[in-house]
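Engineer: Have a look at this one.
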Amino acid sequence: MKNLEIKYLGLTLNNPIVVGSSGLTAHIEQLVELEKAGAGAVVLKSIFEEQIAGEAYAMRYYTDSPDAADYLGQYTQMHRLDEHLRLIRQAKARCSMPIIASLNCVSAGQWTAFAQKMEEAGADALELNVFLLPLDRDSNTEAIEQAYFDTVASVCRTVSIPVSVKIGSNFTNIPHIIQELYFRGARGVVLFNRFFEPDIDVENMQMTAAPAFSDPSELRRVLRWLAIASCRVDTLDYAATTGIHSGPDAVKALLAGARTVQICSAVYQQGNGVIAQLKEYLCRWMTEHTFDRVEDLVGRMNYGRVIDPLAYERTQFMRHFAEREE
Ligand SMILES: Cc1cc2nc3c(=O)[nH]c(=O)nc-3n(C[C@H](O)[C@H](O)[C@H](O)COP(=O)(O)O)c2cc1C
């Protein structure tokens, strides 16, 4: 029997397969089913700062009275938050796996108090889903990065549960960003969030949405940066998200440096049974490669431990094409 137990953000998970934040983790009955299906932990559907603020703001139009507008705005905000807190409390009452709450932040503000309420409701950890879309050509990189750091610092000051930060891949220097997040109090990072992407329908000249679900090929970018960052900044825990659809994908992410792998598209497309499939493959792979504990394979092929680290540095295809032409 293989030992799949893993420490992540100071929590003990009975296995590294985590169901990522999404509609799959938005209702209590789904959480109970995911635990039955063998998930090591879940990240709850994010509560969105912008959405709450937007809904609260929209309520102002239902009245001419400023006092009533304020009241309605605050009521809407508290109602949305209460629903989320109820989910955390229910999850803690009915599941024994760790429950990671998720907060989508676009600014460091008053609302960071939401994080405190999530902690009080019993969340074991908090994942911050932060993404700022730079639209102002006069904002420089430093100012934008500082906004990320301020947001994370203000949440980490507010709560005492561990905080991880789920980031996108569009930073100039990913290890630097991760190190700075660690200095602000983050205990983990989740690489990389996969965002909604707009597309264009050329027939009708209309905006459409790109597919919501990932493709396994999207894992490669995650692997490179997991391997490099987990070696360069080894003071916090790494989780992988985007493109993990099969057992081999999960093993790759763990070898590159992830302590947990988050799955989302795979569960939407293949059902909860995919969790058992991933775990079965992991156990089989560990037997074939003589690992008894999953802890021992984490990072075994990261940038610092792989025989050919240049493989992670290579970015150009020059040699590949030169060889093909010979
Ligand atoms: C329908 C849907 C809803 C999602 N909602 C959230 C969310 O609320 N918060 C969040 O951090 N990520 C959200 N995500 C992103 C997923 O957690 C995950 O990072 C992404 O889908 C990549 O993982 P995958 O390749 O396993 O799908 C959502 C993804 C999907 C497909």
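Chains: A, B, ... in order of the structure tokens. Residues: from 1 per chain. Ligands: from 1, in order shown.
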Would you name the residues within 6 Å of ligand 1, counting only C-alpha atoms and all ligand atoms, and put them as a list in words?
Structural biologist: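 Result of the 6 Å neighbour search around ligand 1: Gly20, Ser21, Ser22, Gly23, Lys45, Ser46, Asn129, Asn193, Arg194, Ala212, Phe213, Ser214, Thr241, Thr242, Gly243, Ile244, Ile263, Cys264, Ser265 and Ala266 of chain A.
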Engineer: Which is closer to Tyr182 (chain A) than all the others in A:Asp82, A:Asp234, A:Glu142, A:Glu295, using only C-alpha atoms?
Structural biologist: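 Between A:Asp82, A:Asp234, A:Glu142, A:Glu295, the residue approaching Tyr182 (chain A) most closely is A:Asp234.
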Engineer: Which residue out of A:Lys7, A:Lys117, A:Arg184, A:His79 has the minimum interatomic distance to Tyr238 (chain A) when only C-alpha atoms are used?
Structural biologist: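 Smallest separation from Tyr238 (chain A) among the options: A:Lys7.
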Engineer: Do a neighbour search on region 248-258 of chain A at 10 Å with only C-alpha atoms, toss out local chain neighbours closer than 2 positions, and write the hits as a ChimeraX atom specification.
Structural biologist: /A:8,16-17,189-191,216-217,219-220,222-231,234,237-241,243-246,260-263,278-279,281-282,285-286,294-303,305-306
Engineer: Go ahead and write the selection's residues with N, CA and C atoms as a compact mmCIF listing (two decimals), in the first residue's frame.
Structural biologist:
```txt
# COMPACT_ATOMS: atom_id res chain seq x y z
N TYR A 8 0.46 20.10 2.69
CA TYR A 8 0.30 21.26 1.79
C TYR A 8 -0.21 22.42 2.64
N PRO A 16 -2.70 13.83 -2.90
CA PRO A 16 -2.45 15.16 -3.47
C PRO A 16 -3.45 15.64 -4.51
N ILE A 17 -4.53 14.86 -4.76
CA ILE A 17 -5.49 15.27 -5.80
C ILE A 17 -6.55 16.20 -5.19
N VAL A 189 1.86 28.88 -3.54
CA VAL A 189 1.41 29.47 -4.80
C VAL A 189 0.81 28.38 -5.67
N VAL A 190 -0.15 28.78 -6.47
CA VAL A 190 -0.83 27.86 -7.37
C VAL A 190 -0.52 28.33 -8.79
N LEU A 191 0.16 27.47 -9.56
CA LEU A 191 0.61 27.83 -10.92
C LEU A 191 -0.14 26.98 -11.92
N PRO A 216 -4.70 19.04 -22.27
CA PRO A 216 -3.50 18.56 -21.56
C PRO A 216 -2.21 19.27 -21.99
N SER A 217 -2.16 19.76 -23.23
CA SER A 217 -0.92 20.41 -23.68
C SER A 217 -0.63 21.69 -22.88
N LEU A 219 -0.45 21.96 -19.84
CA LEU A 219 0.32 21.66 -18.63
C LEU A 219 1.79 22.04 -18.77
N ARG A 220 2.29 22.07 -20.02
CA ARG A 220 3.75 22.22 -20.20
C ARG A 220 4.30 23.53 -19.65
N VAL A 222 3.10 25.14 -17.23
CA VAL A 222 3.07 25.00 -15.77
C VAL A 222 4.29 24.20 -15.30
N LEU A 223 4.61 23.13 -16.03
CA LEU A 223 5.73 22.27 -15.62
C LEU A 223 7.04 23.04 -15.56
N ARG A 224 7.30 23.81 -16.62
CA ARG A 224 8.57 24.56 -16.65
C ARG A 224 8.71 25.44 -15.40
N TRP A 225 7.65 26.21 -15.12
CA TRP A 225 7.76 27.18 -14.04
C TRP A 225 7.65 26.55 -12.66
N LEU A 226 6.93 25.45 -12.57
CA LEU A 226 6.92 24.70 -11.29
C LEU A 226 8.33 24.23 -10.99
N ALA A 227 8.98 23.66 -12.02
CA ALA A 227 10.31 23.08 -11.83
C ALA A 227 11.32 24.17 -11.47
N ILE A 228 11.25 25.31 -12.17
CA ILE A 228 12.23 26.37 -11.92
C ILE A 228 11.93 27.07 -10.58
N ALA A 229 10.67 27.48 -10.41
CA ALA A 229 10.34 28.27 -9.22
C ALA A 229 10.48 27.44 -7.94
N SER A 230 10.08 26.16 -7.98
CA SER A 230 10.14 25.38 -6.74
C SER A 230 11.59 25.14 -6.33
N CYS A 231 12.51 25.27 -7.28
CA CYS A 231 13.93 25.17 -6.96
C CYS A 231 14.46 26.52 -6.48
N ASP A 234 12.23 27.90 -2.51
CA ASP A 234 11.75 26.63 -1.93
C ASP A 234 11.18 26.82 -0.54
N ASP A 237 4.96 26.29 -0.53
CA ASP A 237 4.43 25.09 -1.20
C ASP A 237 3.84 25.46 -2.57
N TYR A 238 3.95 24.49 -3.48
CA TYR A 238 3.44 24.70 -4.84
C TYR A 238 2.28 23.76 -5.12
N ALA A 239 1.28 24.30 -5.81
CA ALA A 239 0.20 23.47 -6.34
C ALA A 239 0.16 23.71 -7.84
N ALA A 240 -0.21 22.68 -8.59
CA ALA A 240 -0.30 22.82 -10.05
C ALA A 240 -1.77 22.91 -10.44
N THR A 241 -2.06 23.80 -11.36
CA THR A 241 -3.39 23.81 -11.98
C THR A 241 -3.23 24.15 -13.46
N GLY A 243 -4.44 21.88 -17.10
CA GLY A 243 -3.98 20.85 -18.02
C GLY A 243 -3.77 19.47 -17.42
N ILE A 244 -4.16 19.26 -16.16
CA ILE A 244 -3.98 17.93 -15.57
C ILE A 244 -5.25 17.12 -15.84
N HIS A 245 -5.13 16.17 -16.76
CA HIS A 245 -6.30 15.38 -17.18
C HIS A 245 -6.14 13.90 -16.93
N SER A 246 -4.90 13.45 -16.63
CA SER A 246 -4.66 12.00 -16.53
C SER A 246 -3.62 11.72 -15.44
N THR A 260 0.57 19.47 -4.51
CA THR A 260 -0.79 19.02 -4.82
C THR A 260 -1.08 19.36 -6.27
N VAL A 261 -2.01 18.60 -6.87
CA VAL A 261 -2.43 18.91 -8.22
C VAL A 261 -3.93 19.22 -8.18
N GLN A 262 -4.28 20.33 -8.77
CA GLN A 262 -5.69 20.72 -8.78
C GLN A 262 -6.28 20.33 -10.13
N ILE A 263 -7.42 19.68 -10.08
CA ILE A 263 -8.09 19.31 -11.33
C ILE A 263 -9.47 19.95 -11.39
N LEU A 278 -6.77 8.81 -11.27
CA LEU A 278 -5.48 9.48 -11.06
C LEU A 278 -4.74 8.83 -9.89
N LYS A 279 -5.47 8.55 -8.82
CA LYS A 279 -4.81 7.94 -7.65
C LYS A 279 -4.31 6.54 -7.97
N TYR A 281 -3.38 5.37 -10.87
CA TYR A 281 -2.18 5.49 -11.72
C TYR A 281 -0.98 5.88 -10.87
N LEU A 282 -1.19 6.84 -9.96
CA LEU A 282 -0.09 7.31 -9.11
C LEU A 282 0.48 6.13 -8.29
N TRP A 285 2.39 3.82 -10.62
CA TRP A 285 3.65 4.45 -11.03
C TRP A 285 4.66 4.39 -9.89
N MET A 286 4.19 4.63 -8.67
CA MET A 286 5.10 4.61 -7.51
C MET A 286 5.66 3.21 -7.30
N VAL A 294 4.47 9.50 -1.43
CA VAL A 294 4.34 10.52 -2.47
C VAL A 294 5.23 11.74 -2.14
N GLU A 295 5.43 11.99 -0.84
CA GLU A 295 6.31 13.09 -0.40
C GLU A 295 7.69 12.98 -1.06
N ASP A 296 8.14 11.72 -1.27
CA ASP A 296 9.51 11.53 -1.79
C ASP A 296 9.66 11.83 -3.27
N LEU A 297 8.55 11.86 -3.99
CA LEU A 297 8.71 12.14 -5.43
C LEU A 297 8.47 13.62 -5.77
N VAL A 298 7.96 14.39 -4.79
CA VAL A 298 7.70 15.81 -5.04
C VAL A 298 9.03 16.52 -5.37
N GLY A 299 9.09 17.13 -6.52
CA GLY A 299 10.27 17.91 -6.91
C GLY A 299 11.46 17.08 -7.35
N ARG A 300 11.31 15.76 -7.50
CA ARG A 300 12.45 14.92 -7.87
C ARG A 300 12.98 15.25 -9.26
N MET A 301 12.19 15.94 -10.06
CA MET A 301 12.68 16.36 -11.38
C MET A 301 12.56 17.88 -11.53
N ASN A 302 12.79 18.60 -10.43
CA ASN A 302 12.75 20.06 -10.58
C ASN A 302 14.07 20.55 -11.16
N TYR A 303 14.15 21.83 -11.35
CA TYR A 303 15.31 22.45 -12.02
C TYR A 303 16.63 22.13 -11.32
N ARG A 305 17.28 19.38 -9.53
CA ARG A 305 17.57 17.97 -9.31
C ARG A 305 17.62 17.13 -10.58
N VAL A 306 17.15 17.71 -11.69
CA VAL A 306 17.13 16.94 -12.92
C VAL A 306 18.55 16.90 -13.51
```
Engineer: Could you name the residues that touch Ala91 (chain A) at 10 Å or less, counting only C-alpha atoms, but leaving out those on the same chain fewer than 6 positions away, as a list of chain:residue names?
Structural biologist: A:His27, A:Ile28, A:Glu29, A:Gln30, A:Leu31, A:Val32, A:Val42, A:Leu44, A:Leu85, A:Met97, A:Pro98, A:Ile99, A:Gly122, A:Ala123
Engineer: Suppose you want the space between CA of Phe48 (chain A) and CA of Gly271 (chain A); what is it in Å?
Structural biologist: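 Result for CA of Phe48 (chain A) versus CA of Gly271 (chain A): 25.7 Å, one decimal.
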Engineer: Calculated over only C-alpha atoms, which of the candidates A:Leu24, A:Arg314, A:Cys95, A:Val155 has the smallest distance to Ala113 (chain A)?
Structural biologist: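 Closest to Ala113 (chain A), using only C-alpha atoms: A:Val155.
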Engineer: Could you pull out the strand (DSSP E or B) residues of region 111-322 of chain A, going by DSSP on the backbone, and write them as a JSON list (two decimals) with C-alpha atoms, in the first residue's frame?
Structural biologist:
```
[["chain", "number", "residue", "atom", "x", "y", "z"],
["A", 125, "ALA", "CA", -6.73, 27.77, 4.32],
["A", 126, "LEU", "CA", -7.41, 30.56, 1.89],
["A", 127, "GLU", "CA", -6.50, 30.68, -1.80],
["A", 128, "LEU", "CA", -6.33, 34.16, -3.29],
["A", 129, "ASN", "CA", -7.24, 34.26, -6.94],
["A", 130, "VAL", "CA", -5.63, 37.52, -8.00],
["A", 163, "VAL", "CA", -2.77, 31.73, 2.47],
["A", 164, "SER", "CA", -1.82, 30.60, -1.03],
["A", 165, "VAL", "CA", -1.89, 32.77, -4.13],
["A", 166, "LYS", "CA", -3.16, 31.52, -7.47],
["A", 167, "ILE", "CA", -1.43, 33.52, -10.17],
["A", 188, "GLY", "CA", 1.91, 28.66, -1.14],
["A", 189, "VAL", "CA", 1.41, 29.47, -4.80],
["A", 190, "VAL", "CA", -0.83, 27.86, -7.37],
["A", 191, "LEU", "CA", 0.61, 27.83, -10.92],
["A", 198, "PRO", "CA", -12.41, 36.17, -25.53],
["A", 199, "ASP", "CA", -12.58, 34.99, -29.12],
["A", 200, "ILE", "CA", -14.10, 36.40, -32.31],
["A", 201, "ASP", "CA", -16.74, 34.73, -34.46],
["A", 206, "GLN", "CA", -19.42, 38.88, -32.73],
["A", 207, "MET", "CA", -17.45, 38.33, -29.58],
["A", 208, "THR", "CA", -17.48, 34.75, -28.32],
["A", 209, "ALA", "CA", -15.71, 32.84, -25.57],
["A", 237, "ASP", "CA", 4.43, 25.09, -1.20],
["A", 238, "TYR", "CA", 3.44, 24.70, -4.84],
["A", 239, "ALA", "CA", 0.20, 23.47, -6.34],
["A", 240, "ALA", "CA", -0.30, 22.82, -10.05],
["A", 260, "THR", "CA", -0.79, 19.02, -4.82],
["A", 261, "VAL", "CA", -2.43, 18.91, -8.22],
["A", 262, "GLN", "CA", -5.69, 20.72, -8.78],
["A", 263, "ILE", "CA", -8.09, 19.31, -11.33],
["A", 293, "ARG", "CA", 5.70, 7.87, -0.14]]
```
Engineer: For CA of Ile47 (chain A) and CA of Leu103 (chain A), determine how far apart the two atoms are, in Å to one decimal place.
Structural biologist: 5.1 Å
Engineer: Hey, what does DSSP flag as helix (DSSP H, G or I) within region 7-188 of chain A? Can you give it to me as a PyMOL selection string?
Structural biologist: chain A and resi 23-25+28-36+49-62+66-94+110-121+141-158+174-183
